[in-house]
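J.: A single structure is presented below for examination.
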Amino acid sequence: MRIETLFLHNFRNYSRLQLSFDNHLNLFIGANAQGKTNLLEAINFLATGKSHRTRNEEEVVLWGADGCSVAAKVGYLYGEGALKIAYLAAEKKKTYSVNGLTQKKSALSGKLTTVIFTPEDLAIVKGSPSNRRKFLDDEISKVSPVYEDDMNRYQHVLRQRNFLLKTHRKKILDSEELGSWNEQLAPLAAKIVSRRISVIHRLGLLSRLAQRRLTGRTESLDINYLSSFGAEISTDLPELKELFLKKLAEKKEQEARLGQTLIGPHRDDFQIFLNGREARLFASQGQQRSLVLSLKMAELEYIKGETGEFPVLLFDDVFSELDEQRRFALLEAIDGRVQTFITGTEADKMTRTKVPGKMFLVAHGEVK
Ligand SMILES: Nc1ncnc2c1ncn2[C@@H]1O[C@H](COP(=O)(O)OP(=O)(O)OP(=O)(O)O)[C@@H](O)[C@H]1O
Ligand SMILES: [Mg+2]
């Protein structure tokens with residue numbers, strides 16, 4: 001898919017903006033604090049319904065304005081569509097529309113899909129397990145609203161169960177109430193973990209290929225799911241559910257003492273290995289960047305495989321930090337297939353490419 005035209009109204013430092021894009025490469029060049037990241041944020045906001053930079057949505061509204069909107073005309077392999085999200089700060093309310101008709105949020109699902117790479121994503125390699133879980137969950141949610149829904153329900157049940165453990169401690173251990181929360185939690189945990197394991201398997205294959213291509217075959221990448229209840233191998237739902245319930249039973253004394261649920265998808269992780277060693281511990285800055293890049297390239301292919309369309313690729317700042325070999329390998333990999341938006345402060349590193357595209361100069365909330 002590709003964004004043909006983008007319309008912003010009172011979003012960050014843009015009061016009104018309309019831009020038409022190239023199908024392949026779009027470069028946003030400008031000094032610091034001019035509005036480059038704001039443009040990528042707007043695109044991602046339309047794709048996901050939220051900002052990737054803040055939980056506090058009022059922040060995306062132009063200072064002094066009472067609301068904002070982002071809209072786009074999007075082209076697909078077959079046909080096109082018009083999408084819009086409008087946000088009213090006073091009511092903290094968003095309205096969604098597709099082809100001019102107001103719709104529920106779910107109607108926008110899959111209509112614009114993005115893969116975004118920002119400097120913060122280096123935390124996927126070096127950061128805590130929660131960074132990696134978020135990457136995995138976000139990625140699966142992009143292609144599976146069912147997964148997103150299961151995840152929300154799991155979090156809901158988990159909160160209730162934790163509340164119970166915290167307030168009643170030992171008294172709760174043999175109650176029917178805890179048993180009934182376990183019965184609700186287990187099938188959701190099984191579904192989530194099963195899906196994650198199969199996605200990690202696919203991503204592993206795809207990112208290994210990407211890493212070889214990016215590094216001229218000098219580096220090999222492996223990833224491996226780490227389950228908190230020993231579920232690494234099976235994706236079978238009844239089996240996973242039984243395993244989870246069994247481990248819960250084993251952990252119950254400890255859980256009651258600590259007042260929280262100690263196993264489940266909210267405690268899982270995945271490991272990234274570079275040439276056989278754990279990247280979290282040993283990868284250099286540049287290697288971390290290429291590992292994340294390989295994961296993002298794998299994500300592109302994965303989404304294409306699941307939905308039939310390539311998502312739109314957004315690169316904030318990281319592109320110019322890559323060395324020349326990786327920049328060329330990347331552009332070659334996306335050439336002609338993936339609409340890509342890249343921000344940077346200097347044009348020269350980016351214009352030495354053969355990929356056709358447009359360059360936009362960004363200054364003080366205006367784009368030329
Ligand atoms: N709600 C808002 N209303 C008006 N201006 C805002 C709002 N939020 C942020 N800004 C301003 O937008 C400007 C540009 O921000 P942006 O993050 O897009 O810069 P950038 O071009 O990506 O810079 P850098 O190269 O440093 O990353 C900043 O000066 C910031 O103060
Ligand atoms: Mg920026």
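By convention in this document, the chains of the structure tokens carry letters A, B, ... by their order, each chain's residues are numbered from 1, and ligands are numbered from 1 in the order they are shown.
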Produce as a VMD selection string the set of residues near ligand 2, where near means within 9 Å with only C-alpha atoms and all ligand atoms considered.

T.: chain A and resid 32 to 38 40 316 to 317 343 to 344

J.: Just C-alpha atoms for this one: save the residues we selected as a tab-separated table (two decimals), in the first residue's frame.

T.:
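Listing of out.tsv after writing:
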chain	number	residue	atom	x	y	z
A	32	ASN	CA	16.51	19.93	14.32
A	33	ALA	CA	13.10	20.80	15.75
A	34	GLN	CA	11.44	21.67	12.43
A	35	GLY	CA	8.74	19.02	12.25
A	36	LYS	CA	10.23	15.94	10.58
A	37	THR	CA	9.37	13.46	13.31
A	38	ASN	CA	5.96	15.12	13.65
A	40	LEU	CA	6.08	10.42	10.72
A	316	ASP	CA	13.13	8.35	11.90
A	317	ASP	CA	16.79	9.48	12.05
A	343	THR	CA	13.93	11.73	7.98
A	344	GLY	CA	17.38	13.21	8.30

J.: Need the shell around range 247-249 of chain A: protein/DNA/RNA residues with any atom at most 12 Å away, counting only C-alpha atoms. Skip same-chain ones fewer than 6 positions apart. Format as a list in words?

T.: Arg161, Leu173, Asp174, Leu178, Gly179, Trp181, Asn182, Glu183, Leu185, Ala186, Ala189, Ser227, Ser228, Phe229, Gly230, Ala231, Leu240, Lys241, Glu255, Ala256, Gln260, Thr261, Leu262, Ile263 and Gly264 of chain A

J.: Export, as an mmCIF file, in the first residue's frame, the selected residues with N, CA and C atoms.

T.:
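Okay, result26.cif is ready:
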data_model
loop_
_atom_site.group_PDB
_atom_site.id
_atom_site.type_symbol
_atom_site.label_atom_id
_atom_site.label_comp_id
_atom_site.auth_asym_id
_atom_site.auth_seq_id
_atom_site.Cartn_x
_atom_site.Cartn_y
_atom_site.Cartn_z
ATOM 1 N N ARG A 161 -6.971 -11.051 38.703
ATOM 2 C CA ARG A 161 -6.323 -12.126 39.450
ATOM 3 C C ARG A 161 -5.262 -11.561 40.395
ATOM 4 N N LEU A 173 -5.829 -19.220 48.445
ATOM 5 C CA LEU A 173 -5.187 -20.308 47.714
ATOM 6 C C LEU A 173 -6.119 -21.428 47.252
ATOM 7 N N ASP A 174 -6.972 -21.885 48.137
ATOM 8 C CA ASP A 174 -7.799 -23.016 47.727
ATOM 9 C C ASP A 174 -9.230 -22.614 47.402
ATOM 10 N N LEU A 178 -10.181 -18.227 42.879
ATOM 11 C CA LEU A 178 -8.888 -18.240 42.193
ATOM 12 C C LEU A 178 -8.924 -19.261 41.053
ATOM 13 N N GLY A 179 -9.492 -20.430 41.346
ATOM 14 C CA GLY A 179 -9.615 -21.464 40.320
ATOM 15 C C GLY A 179 -10.360 -20.950 39.097
ATOM 16 N N TRP A 181 -10.592 -17.808 38.050
ATOM 17 C CA TRP A 181 -9.722 -16.884 37.287
ATOM 18 C C TRP A 181 -8.669 -17.661 36.500
ATOM 19 N N ASN A 182 -8.137 -18.725 37.114
ATOM 20 C CA ASN A 182 -7.159 -19.544 36.389
ATOM 21 C C ASN A 182 -7.768 -20.113 35.110
ATOM 22 N N GLU A 183 -8.995 -20.584 35.235
ATOM 23 C CA GLU A 183 -9.673 -21.165 34.065
ATOM 24 C C GLU A 183 -9.906 -20.132 32.969
ATOM 25 N N LEU A 185 -7.899 -17.418 32.602
ATOM 26 C CA LEU A 185 -6.589 -16.950 32.136
ATOM 27 C C LEU A 185 -5.928 -17.966 31.194
ATOM 28 N N ALA A 186 -6.064 -19.241 31.519
ATOM 29 C CA ALA A 186 -5.293 -20.275 30.816
ATOM 30 C C ALA A 186 -5.547 -20.343 29.303
ATOM 31 N N ALA A 189 -3.888 -17.307 27.715
ATOM 32 C CA ALA A 189 -2.420 -17.437 27.756
ATOM 33 C C ALA A 189 -1.968 -18.406 26.663
ATOM 34 N N SER A 227 9.722 -18.743 27.224
ATOM 35 C CA SER A 227 8.448 -18.746 27.935
ATOM 36 C C SER A 227 8.668 -18.885 29.439
ATOM 37 N N SER A 228 7.854 -18.154 30.188
ATOM 38 C CA SER A 228 7.980 -18.211 31.645
ATOM 39 C C SER A 228 7.389 -19.495 32.217
ATOM 40 N N PHE A 229 6.675 -20.270 31.379
ATOM 41 C CA PHE A 229 6.175 -21.542 31.908
ATOM 42 C C PHE A 229 6.591 -22.737 31.054
ATOM 43 N N GLY A 230 7.742 -22.583 30.387
ATOM 44 C CA GLY A 230 8.331 -23.725 29.704
ATOM 45 C C GLY A 230 7.582 -24.154 28.462
ATOM 46 N N ALA A 231 7.052 -23.178 27.700
ATOM 47 C CA ALA A 231 6.217 -23.532 26.561
ATOM 48 C C ALA A 231 6.915 -23.320 25.229
ATOM 49 N N LEU A 240 -0.724 -26.385 25.754
ATOM 50 C CA LEU A 240 -0.231 -25.165 26.405
ATOM 51 C C LEU A 240 -1.093 -24.797 27.611
ATOM 52 N N LYS A 241 -2.402 -24.984 27.454
ATOM 53 C CA LYS A 241 -3.316 -24.638 28.541
ATOM 54 C C LYS A 241 -3.051 -25.523 29.764
ATOM 55 N N GLU A 255 3.085 -17.118 44.565
ATOM 56 C CA GLU A 255 2.250 -16.028 44.053
ATOM 57 C C GLU A 255 1.468 -15.356 45.170
ATOM 58 N N ALA A 256 0.956 -16.172 46.090
ATOM 59 C CA ALA A 256 0.182 -15.613 47.189
ATOM 60 C C ALA A 256 1.077 -14.760 48.092
ATOM 61 N N GLN A 260 1.170 -11.515 43.229
ATOM 62 C CA GLN A 260 1.071 -11.287 41.783
ATOM 63 C C GLN A 260 1.271 -12.577 40.984
ATOM 64 N N THR A 261 0.812 -12.529 39.750
ATOM 65 C CA THR A 261 0.914 -13.683 38.861
ATOM 66 C C THR A 261 2.322 -13.745 38.266
ATOM 67 N N LEU A 262 3.003 -14.848 38.503
ATOM 68 C CA LEU A 262 4.426 -14.889 38.165
ATOM 69 C C LEU A 262 4.736 -15.513 36.810
ATOM 70 N N ILE A 263 3.780 -16.201 36.231
ATOM 71 C CA ILE A 263 4.044 -16.781 34.915
ATOM 72 C C ILE A 263 2.940 -16.392 33.933
ATOM 73 N N GLY A 264 3.280 -16.511 32.649
ATOM 74 C CA GLY A 264 2.306 -16.163 31.611
ATOM 75 C C GLY A 264 2.948 -15.263 30.570
#

J.: Enumerate, as JSON, numbers by chain, the complete set of residues in range 59-302 of chain A that a backbone-based DSSP assignment places in strand (DSSP E or B).

T.: {"A": [61, 67, 68, 69, 70, 71, 72, 73, 74, 75, 80, 81, 82, 83, 84, 85, 86, 87, 88, 93, 94, 95, 96, 97, 98, 101, 102, 103, 114, 115, 116, 117, 221, 222, 223, 224, 225, 226, 269, 270, 271, 272, 273, 274, 277, 278]}

J.: Got time to write the residues from that selection, N, CA and C atoms, as a compact mmCIF listing (two decimals), in the first residue's frame?

T.:
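Output below, filename out14.txt:
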# COMPACT_ATOMS: atom_id res chain seq x y z
N VAL A 61 -1.93 17.88 19.74
CA VAL A 61 -2.72 18.99 19.22
C VAL A 61 -1.87 20.26 19.22
N GLY A 67 -8.40 20.78 18.87
CA GLY A 67 -8.41 19.42 18.34
C GLY A 67 -7.53 19.34 17.11
N CYS A 68 -7.40 18.15 16.56
CA CYS A 68 -6.56 18.00 15.38
C CYS A 68 -7.12 16.88 14.50
N SER A 69 -6.65 16.82 13.27
CA SER A 69 -7.02 15.67 12.46
C SER A 69 -5.89 15.29 11.51
N VAL A 70 -5.87 14.01 11.19
CA VAL A 70 -4.94 13.47 10.20
C VAL A 70 -5.77 12.67 9.21
N ALA A 71 -5.55 12.90 7.93
CA ALA A 71 -6.30 12.15 6.92
C ALA A 71 -5.36 11.78 5.79
N ALA A 72 -5.73 10.78 5.03
CA ALA A 72 -4.88 10.38 3.91
C ALA A 72 -5.70 9.69 2.83
N LYS A 73 -5.19 9.82 1.62
CA LYS A 73 -5.68 8.98 0.54
C LYS A 73 -4.67 7.86 0.36
N VAL A 74 -5.13 6.63 0.45
CA VAL A 74 -4.22 5.49 0.42
C VAL A 74 -4.52 4.63 -0.80
N GLY A 75 -3.46 4.25 -1.51
CA GLY A 75 -3.64 3.38 -2.67
C GLY A 75 -3.25 1.95 -2.34
N GLU A 80 -8.47 2.17 -3.92
CA GLU A 80 -7.93 3.14 -2.97
C GLU A 80 -8.95 3.49 -1.92
N GLY A 81 -8.52 4.21 -0.90
CA GLY A 81 -9.43 4.54 0.19
C GLY A 81 -9.04 5.87 0.83
N ALA A 82 -10.01 6.51 1.49
CA ALA A 82 -9.75 7.75 2.21
C ALA A 82 -9.97 7.49 3.70
N LEU A 83 -8.95 7.79 4.49
CA LEU A 83 -9.02 7.51 5.93
C LEU A 83 -8.86 8.81 6.70
N LYS A 84 -9.52 8.87 7.86
CA LYS A 84 -9.36 10.09 8.66
C LYS A 84 -9.56 9.79 10.14
N ILE A 85 -8.73 10.40 10.96
CA ILE A 85 -8.95 10.39 12.41
C ILE A 85 -8.99 11.84 12.87
N ALA A 86 -10.05 12.19 13.58
CA ALA A 86 -10.14 13.54 14.16
C ALA A 86 -10.16 13.38 15.67
N TYR A 87 -9.48 14.29 16.35
CA TYR A 87 -9.38 14.19 17.81
C TYR A 87 -9.81 15.50 18.44
N LEU A 88 -10.71 15.39 19.41
CA LEU A 88 -11.17 16.58 20.14
C LEU A 88 -10.59 16.54 21.55
N LYS A 93 -11.80 12.69 22.68
CA LYS A 93 -12.57 11.76 21.86
C LYS A 93 -12.04 11.75 20.42
N LYS A 94 -11.96 10.53 19.88
CA LYS A 94 -11.52 10.41 18.50
C LYS A 94 -12.67 9.94 17.63
N THR A 95 -12.75 10.48 16.43
CA THR A 95 -13.71 9.90 15.49
C THR A 95 -12.95 9.40 14.28
N TYR A 96 -13.45 8.30 13.74
CA TYR A 96 -12.74 7.61 12.66
C TYR A 96 -13.65 7.63 11.45
N SER A 97 -13.05 7.85 10.28
CA SER A 97 -13.89 7.71 9.10
C SER A 97 -13.14 7.04 7.96
N VAL A 98 -13.90 6.28 7.20
CA VAL A 98 -13.36 5.59 6.02
C VAL A 98 -14.23 5.97 4.84
N LEU A 101 -17.31 8.12 5.60
CA LEU A 101 -18.35 7.67 6.54
C LEU A 101 -17.75 7.45 7.92
N THR A 102 -18.42 7.95 8.94
CA THR A 102 -17.95 7.72 10.31
C THR A 102 -18.10 6.25 10.66
N GLN A 103 -17.04 5.71 11.27
CA GLN A 103 -17.00 4.28 11.55
C GLN A 103 -16.44 4.01 12.93
N THR A 114 1.81 0.40 9.06
CA THR A 114 3.15 0.96 9.02
C THR A 114 4.13 0.06 9.77
N VAL A 115 5.37 0.15 9.35
CA VAL A 115 6.47 -0.38 10.17
C VAL A 115 7.35 0.83 10.43
N ILE A 116 7.57 1.11 11.70
CA ILE A 116 8.34 2.31 12.04
C ILE A 116 9.62 1.94 12.77
N PHE A 117 10.68 2.63 12.44
CA PHE A 117 11.98 2.40 13.09
C PHE A 117 12.48 3.73 13.61
N LEU A 221 21.97 -14.24 12.50
CA LEU A 221 21.04 -13.84 13.55
C LEU A 221 20.09 -14.99 13.85
N ASP A 222 19.85 -15.22 15.12
CA ASP A 222 18.86 -16.22 15.53
C ASP A 222 17.99 -15.63 16.61
N ILE A 223 16.71 -15.97 16.62
CA ILE A 223 15.88 -15.55 17.74
C ILE A 223 15.13 -16.75 18.30
N ASN A 224 14.77 -16.61 19.56
CA ASN A 224 14.30 -17.78 20.27
C ASN A 224 13.34 -17.33 21.37
N TYR A 225 12.12 -17.88 21.36
CA TYR A 225 11.12 -17.48 22.35
C TYR A 225 11.45 -18.04 23.72
N LEU A 226 11.28 -17.24 24.75
CA LEU A 226 11.57 -17.66 26.13
C LEU A 226 10.27 -17.59 26.93
N ASP A 269 9.62 -13.51 27.04
CA ASP A 269 10.66 -12.69 26.41
C ASP A 269 11.11 -13.43 25.15
N PHE A 270 11.94 -12.79 24.34
CA PHE A 270 12.66 -13.58 23.33
C PHE A 270 14.11 -13.14 23.30
N GLN A 271 14.97 -14.09 22.94
CA GLN A 271 16.40 -13.82 22.92
C GLN A 271 16.85 -13.61 21.48
N ILE A 272 17.81 -12.71 21.31
CA ILE A 272 18.37 -12.45 19.99
C ILE A 272 19.85 -12.83 20.04
N PHE A 273 20.26 -13.68 19.13
CA PHE A 273 21.66 -14.11 19.09
C PHE A 273 22.32 -13.59 17.82
N LEU A 274 23.53 -13.07 18.01
CA LEU A 274 24.32 -12.62 16.86
C LEU A 274 25.57 -13.49 16.82
N ARG A 277 26.10 -15.54 19.91
CA ARG A 277 26.16 -14.95 21.26
C ARG A 277 24.97 -14.02 21.48
N GLU A 278 24.58 -13.92 22.76
CA GLU A 278 23.39 -13.12 23.03
C GLU A 278 23.65 -11.64 22.77

J.: Which of these residues is nearest to Leu205 in chain A, using only C-alpha atoms: A:Leu158, A:Leu295, A:Val318, A:Ala47?

T.: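 Ranking A:Leu158, A:Leu295, A:Val318, A:Ala47 by distance to Leu205 in chain A, first place goes to A:Leu295.
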
J.: Excluding Arg208 in chain A and any residue of its chain fewer than 5 positions from it, enumerate the residues within 12 Å of it, using only C-alpha atoms, and give them as a ChimeraX atom specification.

T.: /A:200-203,213-215,217-223,272-275,290-299

J.: May I ask which of the residues A:Ala90, A:Leu122, A:Val60, A:Leu108 is the closest one to ligand 1, counting only C-alpha atoms and all ligand atoms?

T.: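 The answer is A:Val60, which sits nearest to ligand 1.
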
J.: Might you pull out every residue within 12 Å of Asn131 in chain A, with only C-alpha atoms counted and same-chain residues fewer than 4 positions away left off, and present them as a JSON list (two decimals) with C-alpha atoms, in the first residue's frame?

T.:
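Done, and the output landed in part_8.json:
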[["chain", "number", "residue", "atom", "x", "y", "z"],
["A", 120, "GLU", "CA", 14.20, 4.20, 20.70],
["A", 121, "ASP", "CA", 13.83, 0.82, 18.96],
["A", 122, "LEU", "CA", 17.41, -0.05, 19.84],
["A", 123, "ALA", "CA", 15.84, -1.03, 23.17],
["A", 124, "ILE", "CA", 14.47, -4.12, 21.41],
["A", 125, "VAL", "CA", 18.01, -5.49, 21.62],
["A", 126, "LYS", "CA", 19.39, -3.89, 24.79],
["A", 127, "GLY", "CA", 16.29, -3.05, 26.78],
["A", 135, "PHE", "CA", 7.56, -5.15, 19.67],
["A", 136, "LEU", "CA", 6.11, -8.63, 19.24],
["A", 137, "ASP", "CA", 2.60, -7.72, 20.41],
["A", 138, "ASP", "CA", 2.44, -4.59, 18.26],
["A", 266, "HIS", "CA", 3.23, -10.97, 30.46],
["A", 267, "ARG", "CA", 6.48, -12.46, 31.80],
["A", 268, "ASP", "CA", 7.81, -13.94, 28.56],
["A", 269, "ASP", "CA", 10.66, -12.69, 26.41],
["A", 270, "PHE", "CA", 12.66, -13.58, 23.33],
["A", 271, "GLN", "CA", 16.40, -13.82, 22.92]]

J.: Which value, in Å to one decimal, gives the distance between atom 20 (P, counted along the ligand's line) of ligand 1 and CA of Ile303 in chain A?

T.: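 According to the coordinates, atom 20 (P, counted along the ligand's line) of ligand 1 and CA of Ile303 in chain A are separated by 28.1 Å.
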
J.: As a VMD selection string, please: every residue in range 13-93 of chain A that a backbone DSSP assignment puts in alpha helix (DSSP H).

T.: chain A and resid 36 to 48

J.: Now that the selection is made, can you save its residues with N, CA and C atoms as an mmCIF file, in the first residue's frame?

T.:
data_model
loop_
_atom_site.group_PDB
_atom_site.id
_atom_site.type_symbol
_atom_site.label_atom_id
_atom_site.label_comp_id
_atom_site.auth_asym_id
_atom_site.auth_seq_id
_atom_site.Cartn_x
_atom_site.Cartn_y
_atom_site.Cartn_z
ATOM 1 N N LYS A 36 10.056 17.177 11.355
ATOM 2 C CA LYS A 36 10.234 15.938 10.578
ATOM 3 C C LYS A 36 9.594 14.752 11.287
ATOM 4 N N THR A 37 9.951 14.585 12.557
ATOM 5 C CA THR A 37 9.374 13.462 13.309
ATOM 6 C C THR A 37 7.860 13.625 13.435
ATOM 7 N N ASN A 38 7.414 14.874 13.567
ATOM 8 C CA ASN A 38 5.962 15.120 13.655
ATOM 9 C C ASN A 38 5.211 14.543 12.452
ATOM 10 N N LEU A 39 5.859 14.600 11.268
ATOM 11 C CA LEU A 39 5.203 14.061 10.067
ATOM 12 C C LEU A 39 5.066 12.539 10.148
ATOM 13 N N LEU A 40 6.152 11.879 10.583
ATOM 14 C CA LEU A 40 6.082 10.419 10.718
ATOM 15 C C LEU A 40 5.080 10.035 11.808
ATOM 16 N N GLU A 41 5.073 10.820 12.865
ATOM 17 C CA GLU A 41 4.134 10.558 13.961
ATOM 18 C C GLU A 41 2.689 10.644 13.456
ATOM 19 N N ALA A 42 2.431 11.633 12.594
ATOM 20 C CA ALA A 42 1.070 11.800 12.066
ATOM 21 C C ALA A 42 0.666 10.583 11.229
ATOM 22 N N ILE A 43 1.591 10.114 10.389
ATOM 23 C CA ILE A 43 1.299 8.935 9.559
ATOM 24 C C ILE A 43 1.027 7.723 10.444
ATOM 25 N N ASN A 44 1.875 7.561 11.460
ATOM 26 C CA ASN A 44 1.711 6.418 12.354
ATOM 27 C C ASN A 44 0.443 6.533 13.209
ATOM 28 N N PHE A 45 0.084 7.754 13.528
ATOM 29 C CA PHE A 45 -1.150 8.013 14.294
ATOM 30 C C PHE A 45 -2.365 7.545 13.490
ATOM 31 N N LEU A 46 -2.342 7.849 12.210
ATOM 32 C CA LEU A 46 -3.466 7.428 11.363
ATOM 33 C C LEU A 46 -3.496 5.896 11.229
ATOM 34 N N ALA A 47 -2.301 5.302 11.201
ATOM 35 C CA ALA A 47 -2.238 3.838 11.039
ATOM 36 C C ALA A 47 -2.662 3.094 12.295
ATOM 37 N N THR A 48 -2.292 3.614 13.465
ATOM 38 C CA THR A 48 -2.504 2.850 14.697
ATOM 39 C C THR A 48 -3.564 3.441 15.615
#

J.: Would you please work out which residue, of A:Ala333, A:Leu62, A:Val338, A:Leu206, is nearest to ligand 1 when using only C-alpha atoms and all ligand atoms?

T.: A:Leu62

J.: Which one is closest to ligand 1: A:Lys50, A:Arg289, A:Arg212, A:His364? Count only C-alpha atoms and all ligand atoms.

T.: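 Between A:Lys50, A:Arg289, A:Arg212, A:His364, the residue approaching ligand 1 most closely is A:His364.
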